[in-house]
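K.L.:
Quick one: structure below, then a few questions.
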Amino acid sequence: MSFTLPKLDYAYDALESNIDARTMEIHHTKHHQGYVNKLNDAIKGTSLEGKSIEEILSNVSSASTAVRNNGGGHYNHSLFWKVMSPDGGGEPEGALKDAINDAFGSFEKFKDEFANAAATRFGSGWAWLIKTDNGLAITSTPNQDNPLMDIAEVKGTPILGLDVWEHAYYLHYQNRRPDYINAFFNVINWKEVASRF
Ligand code: MN3
């Protein structure tokens, strides 16, 4: 049993002009596929073979650097593709909306805090909206780490994640990470985020 690259629910050009087709195609077929391949190589013949990705990440401190980087890469990108949609954007509704208001005061304040976490993550990494025992929280992680990992500073279950590695935006946005972050809000699939919540 090994991990496989998930198919996208939409075409590579479906998120234009917020995220360009070439970036989506390279990101999915080269970067994410690379994490899948290297993760499978890293767990082959070890006690991690056959375990779920969540199980592996929850005890990643005892695993190799290759498992940490590529296991995180596989989980993070699998979530990332799902929380975007060509029909995305707007604002969450229902219980998720209430939880965002409880945690951050308003949707606008949530947006500002999430965008700030994404913009200020130095170098490569991710910004997250996570579910914790005390409600929702925003955090960020370096490289391919995530809040499911036992080594994470802030732990929780990711319900929204934004990839701020340059490979996620450089072709279209070059150094303008804040513009990419703003565009991401136009494609967030709030229905998917709500179902994970
Ligand atoms: Mn990426």
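Numbering starts fresh at 1 for the residues of each chain in the structure tokens, the chains themselves are lettered A, B, ... in the order given, and ligands are numbered from 1 as they appear.
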Would you mind writing down, as a ChimeraX atom specification, each residue of stretch 46-157 of chain A that DSSP on the backbone assigns to alpha helix (DSSP H)?

P.N.:
/A:53-58,65-82,94-104,107-120

K.L.:
Env of A:Phe80: 10 Å cut, atoms = only C-alpha atoms, seq-sep filter 5 positions within chain, self excluded. Answer as a list in words.

P.N.:
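What passes the distance filter is His74, Tyr75, Ile159, Leu160, Gly161, Leu162, Asp163 and Ile188 of chain A.
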
K.L.:
Hey, which residues come within 7 Å of ligand 1 if we count only C-alpha atoms and all ligand atoms? Could you give them as a PyMOL selection string?

P.N.:
chain A and resi 27+31-32+77+163+165+167-168

K.L.:
Please list as a list of chain:residue names every residue within 8 Å of A:Asn146, counting only C-alpha atoms and excluding residues in the same chain fewer than 3 positions away.

P.N.:
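Contacts, in chain order: A:Gly72, A:Asn76, A:Trp126, A:Ser140, A:Thr141, A:Met149, A:Ala152, A:Pro158.
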
K.L.:
Please produce an output containing N, CA and C atoms for each residue in the selection, written as a PDB file, in the first residue's frame.

P.N.:
ATOM      1  N   GLY A  72       4.526  15.702   5.291  1.00  0.00           N
ATOM      2  CA  GLY A  72       3.880  17.009   5.424  1.00  0.00           C
ATOM      3  C   GLY A  72       3.482  17.547   4.064  1.00  0.00           C
ATOM      4  N   ASN A  76      -0.330  18.426   3.234  1.00  0.00           N
ATOM      5  CA  ASN A  76      -0.631  19.847   3.067  1.00  0.00           C
ATOM      6  C   ASN A  76      -1.225  20.136   1.692  1.00  0.00           C
ATOM      7  N   TRP A 126       3.572  27.609   5.415  1.00  0.00           N
ATOM      8  CA  TRP A 126       2.113  27.581   5.281  1.00  0.00           C
ATOM      9  C   TRP A 126       1.467  28.422   6.355  1.00  0.00           C
ATOM     10  N   SER A 140       1.077  29.519  11.688  1.00  0.00           N
ATOM     11  CA  SER A 140       1.836  29.226  10.473  1.00  0.00           C
ATOM     12  C   SER A 140       2.982  28.297  10.833  1.00  0.00           C
ATOM     13  N   THR A 141       3.451  27.586   9.817  1.00  0.00           N
ATOM     14  CA  THR A 141       4.533  26.615  10.026  1.00  0.00           C
ATOM     15  C   THR A 141       5.579  26.787   8.934  1.00  0.00           C
ATOM     16  N   MET A 149       1.426  17.818  13.369  1.00  0.00           N
ATOM     17  CA  MET A 149       2.695  17.191  13.779  1.00  0.00           C
ATOM     18  C   MET A 149       2.936  17.386  15.275  1.00  0.00           C
ATOM     19  N   ALA A 152       4.865  20.481  16.207  1.00  0.00           N
ATOM     20  CA  ALA A 152       4.359  21.830  15.903  1.00  0.00           C
ATOM     21  C   ALA A 152       4.261  22.662  17.174  1.00  0.00           C
ATOM     22  N   PRO A 158      -6.005  21.178  10.944  1.00  0.00           N
ATOM     23  CA  PRO A 158      -6.123  22.191   9.899  1.00  0.00           C
ATOM     24  C   PRO A 158      -7.468  22.085   9.166  1.00  0.00           C
TER      25      PRO A 158
END

K.L.:
In Å, how far is it from atom CA of A:Gln144 to atom CA of A:Gln33?

P.N.:
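Between atom CA of A:Gln144 and atom CA of A:Gln33 the gap is 14.2 Å.
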
K.L.:
How far is it from atom CA of A:His172 to atom CA of A:Asn37, in Å with one decimal?

P.N.:
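About the pair atom CA of A:His172 and atom CA of A:Asn37: they are 26.8 Å apart.
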
K.L.:
Would you mind listing what lies within 12 Å of A:Asn182 as a ChimeraX atom specification, with only C-alpha atoms counted and same-chain residues fewer than 6 positions away left out?

P.N.:
/A:18-19,89,111-112,114-116,118-119,162,169,173,176,188

K.L.:
Find the distance between atom CA of A:Ser17 and atom CA of A:Ser124 and write it in Å to one decimal.

P.N.:
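Separation between atom CA of A:Ser17 and atom CA of A:Ser124: 22.9 Å.
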
K.L.:
Env of stretch 136-139 of chain A: 8 Å cut, atoms = only C-alpha atoms, seq-sep filter 5 positions within chain, self excluded. Answer as a ChimeraX atom specification.

P.N.:
/A:99-100,103,113-114,117,127-131,154

K.L.:
With only C-alpha atoms as the counted atoms, please give the residues lying no more than 12 Å from A:Lys191, apart from itself and same-chain residues fewer than 2 positions off, as a list in words.

P.N.:
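Skipping anything fewer than 2 positions along the chain leaves Lys82, Val83, Met84, Ser85, Asp87, Gly88, Gly89, Gly90, Glu91, Pro92, Glu93, Gly94, Ala95, Leu96, Lys97, Ile159, Leu160, Val187, Ile188, Asn189, Val193, Ala194, Ser195, Arg196 and Phe197 of chain A.
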
K.L.:
Using only C-alpha atoms, which of A:Glu166, A:Glu108, A:Glu25, A:Asp145 sits nearest A:Thr65?

P.N.:
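The answer is A:Asp145, which sits nearest to A:Thr65.
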